[in-house]
Structures are given as C-alpha cells and as structure tokens.
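Structure file run.txt; described as compact mmCIF, C-alpha atoms.
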# COMPACT_ATOMS: atom_id res chain seq x y z
CA MET A 1 15.47 -22.40 0.17
CA ARG A 2 16.73 -22.42 3.74
CA LYS A 3 15.13 -19.81 6.01
CA PHE A 4 18.42 -18.17 6.98
CA ARG A 5 19.55 -17.89 3.36
CA LYS A 6 16.19 -16.43 2.43
CA GLN A 7 16.38 -13.77 5.14
CA LEU A 8 19.96 -12.95 4.24
CA ASN A 9 19.12 -12.66 0.55
CA ARG A 10 16.18 -10.39 1.20
CA GLY A 11 18.29 -7.39 2.14
CA LEU A 12 21.20 -8.19 -0.11
CA LEU A 13 19.07 -8.60 -3.20
CA GLU A 14 17.73 -5.08 -2.87
CA ILE A 15 21.27 -3.66 -3.01
CA SER A 16 22.17 -6.08 -5.80
CA VAL A 17 19.19 -5.09 -7.93
CA LEU A 18 19.83 -1.42 -7.36
CA LYS A 19 23.51 -1.89 -8.25
CA MET A 20 22.55 -3.67 -11.49
CA ILE A 21 20.31 -0.77 -12.45
CA ASP A 22 23.05 1.66 -11.47
CA LYS A 23 25.46 -0.06 -13.87
CA ARG A 24 23.08 0.44 -16.77
CA ASN A 25 19.41 0.83 -17.53
CA THR A 26 17.93 -2.61 -17.62
CA TYR A 27 14.72 -4.65 -17.48
CA GLY A 28 13.30 -7.37 -15.23
CA TYR A 29 14.32 -10.51 -17.03
CA GLU A 30 17.83 -9.20 -17.66
CA ILE A 31 18.26 -8.49 -13.95
CA ILE A 32 17.18 -12.04 -13.07
CA THR A 33 19.54 -13.69 -15.56
CA SER A 34 22.47 -11.39 -14.73
CA ILE A 35 22.26 -11.83 -10.97
CA ASN A 36 21.77 -15.59 -11.21
CA GLN A 37 24.65 -15.87 -13.66
CA ILE A 38 27.05 -13.67 -11.68
CA THR A 39 26.27 -15.40 -8.40
CA ASN A 40 26.14 -18.86 -9.93
CA ASN A 41 22.53 -19.14 -8.76
CA ILE A 42 23.56 -18.65 -5.14
CA MET A 43 21.10 -15.77 -4.81
CA GLU A 44 18.38 -17.78 -6.59
CA LEU A 45 16.56 -14.69 -7.77
CA LYS A 46 13.03 -15.46 -8.94
CA ASP A 47 10.28 -13.35 -10.46
CA GLY A 48 8.28 -13.35 -7.25
CA THR A 49 11.26 -11.87 -5.43
CA LEU A 50 12.53 -9.46 -8.06
CA TYR A 51 9.35 -7.63 -8.97
CA PRO A 52 8.36 -6.77 -5.38
CA ILE A 53 11.90 -5.38 -4.91
CA LEU A 54 11.45 -3.27 -8.05
CA TYR A 55 8.07 -2.07 -6.73
CA ARG A 56 9.62 -1.03 -3.42
CA LEU A 57 12.50 0.75 -5.11
CA GLU A 58 10.19 2.49 -7.55
CA ASP A 59 7.71 3.51 -4.86
CA SER A 60 10.62 4.92 -2.83
CA LYS A 61 11.69 6.89 -5.92
CA TYR A 62 15.08 5.17 -6.03
CA ILE A 63 14.42 3.96 -9.56
CA GLU A 64 12.00 4.91 -12.30
CA SER A 65 10.60 2.94 -15.18
CA TYR A 66 10.12 3.90 -18.79
CA TRP A 67 9.05 2.12 -21.94
CA GLU A 68 11.29 1.62 -24.90
CA GLU A 69 10.28 0.42 -28.34
CA GLY A 70 11.23 -3.16 -29.11
CA GLU A 71 14.18 -4.26 -31.15
CA SER A 72 13.51 -5.62 -34.62
CA LEU A 73 12.79 -9.13 -33.33
CA ARG A 74 10.56 -7.89 -30.57
CA SER A 75 7.33 -6.21 -31.51
CA LYS A 76 6.27 -5.09 -28.05
CA PRO A 77 7.80 -2.20 -26.11
CA ARG A 78 9.83 -3.17 -23.06
CA LYS A 79 9.80 -1.68 -19.58
CA TYR A 80 13.23 -0.48 -18.49
CA TYR A 81 14.42 0.80 -15.15
CA ARG A 82 16.91 3.58 -14.44
CA ILE A 83 18.33 4.75 -11.13
CA THR A 84 17.47 8.22 -9.81
CA SER A 85 19.81 10.55 -7.94
CA LEU A 86 17.97 9.64 -4.74
CA GLY A 87 18.59 5.98 -5.61
CA ARG A 88 22.30 6.62 -6.07
CA GLU A 89 22.48 8.22 -2.64
CA TYR A 90 20.57 5.31 -1.14
CA LEU A 91 22.84 2.79 -2.85
CA LYS A 92 25.93 4.60 -1.61
CA GLN A 93 24.66 4.58 1.95
CA SER A 94 23.51 0.96 1.69
CA LEU A 95 26.95 -0.12 0.52
CA ILE A 96 28.56 1.69 3.45
CA ASP A 97 26.14 -0.07 5.82
CA TYR A 98 26.78 -3.39 4.12
CA ASN A 99 30.56 -3.07 4.41
CA GLU A 100 30.32 -2.09 8.05
CA VAL A 101 28.14 -5.11 8.81
CA VAL A 102 30.39 -7.49 6.85
CA ASN A 103 33.48 -6.17 8.67
CA ALA A 104 31.77 -6.46 12.02
CA MET A 105 30.61 -9.97 11.23
CA SER A 106 34.05 -11.08 10.14
CA ARG A 107 35.44 -9.81 13.47
CA ILE A 108 32.83 -11.92 15.28
CA LEU A 109 33.45 -15.01 13.21
CA ASP A 110 37.27 -14.81 13.23
CA MET B 1 3.58 -17.52 -27.21
CA SER B 2 -0.12 -17.14 -27.82
CA GLU B 3 -1.99 -14.45 -25.88
CA ASN B 4 -4.42 -17.09 -24.76
CA LYS B 5 -1.82 -19.35 -23.11
CA MET B 6 -0.05 -16.38 -21.58
CA SER B 7 -3.27 -15.01 -20.12
CA LYS B 8 -4.16 -18.43 -18.77
CA TYR B 9 -0.81 -18.65 -16.97
CA ILE B 10 -0.94 -15.10 -15.60
CA LYS B 11 -4.51 -15.60 -14.46
CA ALA B 12 -3.49 -18.77 -12.65
CA VAL B 13 -0.73 -16.88 -10.83
CA LEU B 14 -2.92 -13.90 -9.94
CA LYS B 15 -5.68 -16.16 -8.66
CA ASN B 16 -3.33 -17.20 -5.86
CA ILE B 17 -2.17 -13.71 -4.95
CA ARG B 18 -4.14 -11.79 -2.37
CA ALA B 19 -3.39 -8.14 -2.94
CA PRO B 20 -5.18 -4.95 -4.03
CA ARG B 21 -6.24 -4.70 -7.66
CA LYS B 22 -3.58 -2.05 -8.33
CA MET B 23 -0.81 -4.38 -7.20
CA LYS B 24 -2.27 -7.27 -9.17
CA ASN B 25 -2.32 -5.14 -12.31
CA ARG B 26 1.32 -4.26 -11.74
CA ILE B 27 2.24 -7.93 -11.39
CA LYS B 28 0.14 -8.81 -14.43
CA GLU B 29 1.97 -6.29 -16.58
CA ASP B 30 5.39 -7.42 -15.39
CA LEU B 31 4.66 -11.12 -15.83
CA ARG B 32 3.50 -10.38 -19.36
CA GLN B 33 6.80 -8.60 -20.04
CA ARG B 34 8.75 -11.42 -18.46
CA ILE B 35 7.07 -14.00 -20.68
CA TYR B 36 7.61 -11.91 -23.81
CA ASP B 37 11.28 -11.59 -22.89
CA SER B 38 12.14 -15.13 -22.02
CA VAL B 39 9.71 -17.69 -23.25
CA ASP B 40 9.50 -18.98 -26.75
CA THR B 41 6.99 -21.73 -26.31
CA ASP B 42 3.32 -22.25 -26.80
CA SER B 43 3.00 -24.91 -24.16
CA PHE B 44 1.44 -24.08 -20.80
CA ASP B 45 3.41 -26.89 -19.13
CA GLU B 46 6.69 -25.62 -20.53
CA LEU B 47 5.85 -22.16 -19.27
CA CYS B 48 5.31 -23.66 -15.83
CA SER B 49 8.66 -25.42 -15.93
CA LEU B 50 10.49 -22.27 -17.11
CA ILE B 51 8.96 -19.71 -14.77
CA GLY B 52 7.42 -21.93 -12.13
CA GLU B 53 4.11 -23.45 -11.21
CA PRO B 54 1.57 -20.62 -10.85
CA ARG B 55 0.96 -21.45 -7.19
CA GLU B 56 4.69 -21.35 -6.39
CA VAL B 57 5.20 -18.09 -8.28
CA ALA B 58 2.23 -16.58 -6.47
CA SER B 59 3.51 -17.73 -3.12
CA GLU B 60 6.92 -16.13 -3.83
CA PHE B 61 5.16 -12.85 -4.68
CA MET B 62 3.03 -13.06 -1.54
CA GLU B 63 6.14 -13.53 0.60
CA ASN B 64 7.80 -10.46 -0.84
CA ILE B 65 5.19 -7.84 -1.52
CA ASP B 66 4.71 -5.21 1.17
CA TYR B 67 1.07 -5.39 1.94
CA ASP B 68 -0.66 -4.94 5.25
CA TYR B 69 -2.72 -8.10 5.37
CA SER B 70 -4.26 -7.17 8.72
CA LYS B 71 -6.40 -4.64 6.86
CA ASP B 72 -7.58 -7.19 4.35
CA ILE B 73 -11.07 -8.34 5.18
CA ILE B 74 -10.68 -11.63 3.29
CA VAL B 75 -7.42 -12.38 5.02
CA ARG B 76 -8.92 -11.41 8.37
CA LEU B 77 -11.79 -13.77 7.75
CA SER B 78 -9.46 -16.52 6.72
CA ASN B 79 -7.23 -16.14 9.76
CA LEU B 80 -7.60 -18.44 12.67
CA TYR B 81 -10.20 -17.40 15.17
CA GLU B 82 -11.30 -19.31 18.23
CA TYR B 83 -13.69 -18.44 21.00
CA LYS B 84 -14.81 -20.83 23.69
CA SER B 85 -17.32 -19.65 26.25
CA LYS B 86 -16.50 -20.22 29.91
CA LYS B 87 -20.00 -21.51 30.53
CA THR B 88 -20.30 -25.22 29.90
CA PHE B 89 -23.07 -27.76 29.92
CA MET B 90 -21.99 -31.27 30.87
CA GLY B 91 -18.44 -30.33 30.12
CA VAL B 92 -19.29 -29.00 26.67
CA PRO B 93 -18.82 -25.26 26.06
CA LEU B 94 -22.01 -23.36 25.53
CA ILE B 95 -20.51 -21.59 22.53
CA HIS B 96 -17.47 -22.67 20.59
CA ILE B 97 -16.35 -20.78 17.50
CA ASN B 98 -13.33 -22.21 15.73
CA LEU B 99 -12.51 -20.88 12.31
CA GLY B 100 -9.46 -21.64 10.24
CA GLY B 101 -10.94 -20.46 6.99
CA MET B 102 -8.73 -21.00 3.98
CA ALA B 103 -5.68 -21.59 6.11
CA ASN B 104 -6.85 -24.52 8.20
CA THR B 105 -9.74 -26.77 8.91
CA LYS B 106 -10.80 -26.27 12.47
CA VAL B 107 -13.39 -28.19 14.46
CA ALA B 108 -15.83 -26.44 16.78
CA ARG B 109 -17.58 -28.52 19.45
CA GLY B 110 -20.18 -26.81 21.60
CA ILE B 111 -23.84 -26.52 22.38
CA ILE B 112 -23.72 -23.80 19.77
CA ALA B 113 -20.86 -24.57 17.42
CA ILE B 114 -19.58 -22.43 14.58
CA GLY B 115 -16.58 -23.65 12.65
CA ASP B 116 -15.11 -25.07 9.52
CA ILE B 117 -16.41 -28.32 10.92
CA ALA B 118 -19.08 -27.70 13.55
CA ILE B 119 -20.47 -30.28 15.93
CA GLY B 120 -23.13 -29.11 18.33
CA VAL B 121 -26.80 -28.93 19.25
CA VAL B 122 -26.98 -25.92 16.99
CA SER B 123 -24.16 -26.04 14.48
CA LEU B 124 -23.09 -23.77 11.67
CA GLY B 125 -20.18 -24.58 9.43
CA GLY B 126 -18.71 -25.91 6.23
CA VAL B 127 -19.58 -29.33 7.52
CA SER B 128 -22.04 -29.22 10.39
CA VAL B 129 -23.39 -31.99 12.55
CA GLY B 130 -26.00 -31.55 15.24
CA VAL B 131 -29.62 -31.31 16.18
CA ILE B 132 -30.15 -28.20 14.11
CA SER B 133 -27.42 -27.69 11.55
CA LEU B 134 -26.73 -25.24 8.82
CA GLY B 135 -23.79 -25.72 6.48
CA GLY B 136 -22.30 -26.72 3.19
CA VAL B 137 -22.89 -30.29 4.26
CA ALA B 138 -25.31 -30.58 7.16
CA LEU B 139 -26.17 -33.72 9.10
CA ALA B 140 -28.80 -33.19 11.75
CA GLY B 141 -32.29 -33.63 13.09
CA VAL B 142 -33.10 -30.49 11.17
CA ALA B 143 -30.49 -29.99 8.48
CA LEU B 144 -30.19 -27.05 6.12
CA GLY B 145 -27.39 -27.01 3.62
CA GLY B 146 -25.99 -27.55 0.16
CA VAL B 147 -26.20 -31.20 1.00
CA ALA B 148 -28.57 -31.80 3.88
CA ILE B 149 -29.04 -35.16 5.54
CA GLY B 150 -31.35 -35.52 8.51
CA GLY B 151 -34.79 -35.97 9.96
CA ILE B 152 -35.98 -32.87 8.22
CA ALA B 153 -33.56 -32.04 5.43
CA LEU B 154 -33.68 -28.85 3.40
CA GLY B 155 -31.05 -28.25 0.78
CA GLY B 156 -29.77 -28.45 -2.75
CA VAL B 157 -29.58 -32.16 -2.20
CA ALA B 158 -31.80 -33.24 0.69
CA LEU B 159 -32.05 -36.69 2.14
CA GLY B 160 -34.21 -37.36 5.17
CA LEU B 161 -37.41 -38.56 6.66
CA LEU B 162 -38.75 -35.40 5.15
CA GLY B 163 -36.65 -34.08 2.29
CA VAL B 164 -37.10 -30.67 0.70
CA GLY B 165 -34.72 -29.58 -2.02
CA GLY B 166 -33.58 -29.42 -5.60
CA VAL B 167 -32.94 -33.12 -5.48
CA SER B 168 -34.77 -34.65 -2.58
CA TYR B 169 -35.26 -38.03 -1.04
CA GLY B 170 -37.73 -38.44 1.77
CA ILE B 171 -38.58 -41.65 3.55
CA LEU B 172 -41.92 -40.17 4.54
CA LYS B 173 -42.23 -37.39 2.02
CA ALA B 174 -40.05 -35.59 -0.53
CA PHE B 175 -40.60 -32.13 -1.97
CA GLY B 176 -38.62 -30.65 -4.77
CA GLU B 177 -37.79 -30.50 -8.43
CA VAL B 178 -36.45 -34.03 -8.54
CA ARG B 179 -38.01 -36.37 -6.03
CA ILE B 180 -36.64 -39.82 -5.44
What is this file in structure tokens?
Amino acid sequence: MRKFRKQLNRGLLEISVLKMIDKRNTYGYEIITSINQITNNIMELKDGTLYPILYRLEDSKYIESYWEEGESLRSKPRKYYRITSLGREYLKQSLIDYNEVVNAMSRILD
Amino acid sequence: MSENKMSKYIKAVLKNIRAPRKMKNRIKEDLRQRIYDSVDTDSFDELCSLIGEPREVASEFMENIDYDYSKDIIVRLSNLYEYKSKKTFMGVPLIHINLGGMANTKVARGIIAIGDIAIGVVSLGGVSVGVISLGGVALAGVALGGVAIGGIALGGVALGLLGVGGVSYGILKAFGEVRI
C-alpha cells in the first residue's frame, strides 16, 4: 500500500472501527469484513492493523471485550467488543475533529 | 481446521513478532478467534492465502502495535551500531565495530574488528577473517569458530595445519572426535 494512504488510513481506521462497534457489539472478523465491504476494500483493513487498533481502544477504555457462547454451528465462545461511555465521548470528539480537518482540507484543495 | 495446523500458523506469525509475551498472548488469542470465524480449511497453504503469509501478517502487526522498541534489548542489539576509532595504523582504524544484527549485514575493517563480517588482525564476528579470529565462520592464522579454517583451527569443524574440533582436518596434526 502507498505510504500516504497507509498514514491516512491509520487515523481514519481508528474512528471507523470505533464507529462500527458503536453501531452494534461486534467481533474482529466481522469488523474486517464490514469495513472492507463498505469501503470496497479502499481501507484494506487487515488483521495486523485491526487488532492493534482494538488493543489501543481497549487499553484506553474506549471499548471493552466480553465472551459470548457460540451459535449452534460454532462450538467455541467468541470475543465481542462493545463501546463504553468514554468511547462514545471520544468518538464524538474524533468525528468533530475529523469534520473540521476535512472542511479545512477542502478549502485548501478548492 | 485442525488445532495442529492452526497452531502451526499462529506460531509462524508469532515467531516474526517482537513484542512482550503479554502482547503475543493477546495476538495469539485473537488470531485463533479469527481463524475459527473465517477459515474452513485444513490446509496450511490455504490459510496463508486467506489470511496472509505469516511473515507479512507479523510485519503488519509490528507496524501497528504500540511498543517502545528502544527498551527492547534484542531490538537494541539488532539495531545498527558503528564505532570507528580515530586512531589508525597505516590508514586502518585501530578499532572498528560495525553491527547490523538481524537488520543488516555490516562489515567491520580494523586492526581490531567486530562486526557481522569482521576483517582485522583480531576479528570477532559472524564471519571473521584475520590473524586471530573468533566467529561463526572464522578464517585466520588462529581461528576459533563454528567452522574454523586457519593455521591453528579450533572449532566444531576445524580445518588447518593444526585442526582441533568435533570434525577436524589437520595437515600436520588433527585432534578431535572425527579426524580426517
């Protein structure tokens, strides 16, 4: 992946992942497939990128994980993530920051 | 997917990740989940094509995990380090240390040379060449190493005028378990 795209994605993916978890409690693989599907693989989210983001968000107490028993076809329990109230605040602020930057950038590029 | 194949894949990824044990355990657990969730194959190669080659997956993790590598002794040792003394003898530095460790292969040339590849009167390195050399592979008047070749050679495999080692060949004399 190009260096610029990679740097750009780095910050944006954190908001994207947090937003996905805000929409509904979810798990790692589902986040990867959803983001790649929604963005038509533009974000190119891979395991090595997603899990460190989840670790950062969890360590910052923006999300928390819990285990849920598997569905009938799945014998093993699955690790889900849910957003915390601190995470919601952080997401709200991040989206404000993001919109400000996007607006500022569009003024530069116009 | 069999536990065995899955463990083999995860192990291959973790082998290429330099991080504290706690972080590695976290990654191990998540990769296990990821494989359970998405992969319905018992082929290691197919697993590699679906998730990625272990080395690539590891490299992606390494790029993204927040870890202060400057505190990591192994990383510090593997970082580039070069020291060249100001004092020279016939244009050759008295001491030259040039280490690239796992990242690079660096050559040290000095009266005393220490490097991945060391060339000097006294040399110490992965591959060392000199009058007195110590290294994985040592070529010298007096050579000590895994493979030692020289006048007096001491090593796992020693070849020289005088060879001392597990497997030794000596033109004048050979000492060791297997003498040729």
(request) With a distance cut-off of 7 Å and only C-alpha atoms, select the neighbouring residues of A:Arg78, excluding the residue or stretch itself and same-chain residues fewer than 4 positions from it, and output the selection as number ranges by chain. (result) A: 67-70; B: 33
(request) Quote the spacing between atom CA of A:Ser16 and atom CA of B:Asp37 in Å to one decimal place. (result) 21.0 Å
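Between atom CA of B:Pro20 and atom CA of B:Gly115 there is a distance of 27.5 Å.
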(request) Could you tell me how far atom CA of A:Gly87 lies from atom CA of B:Leu31, in Å and to one decimal? (result) 24.3 Å
(message) I want to know what sits within 12 Å of B:Asp45, based on all atoms listed in the file, with residues of the same chain fewer than 4 positions away left out; could you give that as a list of chain:residue names?
(response)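 With the cut-off at 12 Å, the set is B:Lys5, B:Met6, B:Lys8, B:Tyr9, B:Val39, B:Thr41, B:Ser49, B:Leu50, B:Ile51, B:Gly52, B:Glu53, B:Pro54.
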(message) Within 9 Å of chain B, which residues belong to chain A? Use all atoms listed in the file and report them as a PyMOL selection string.
(response) chain A and resi 10+28-30+46-53+55-56+74+76-79
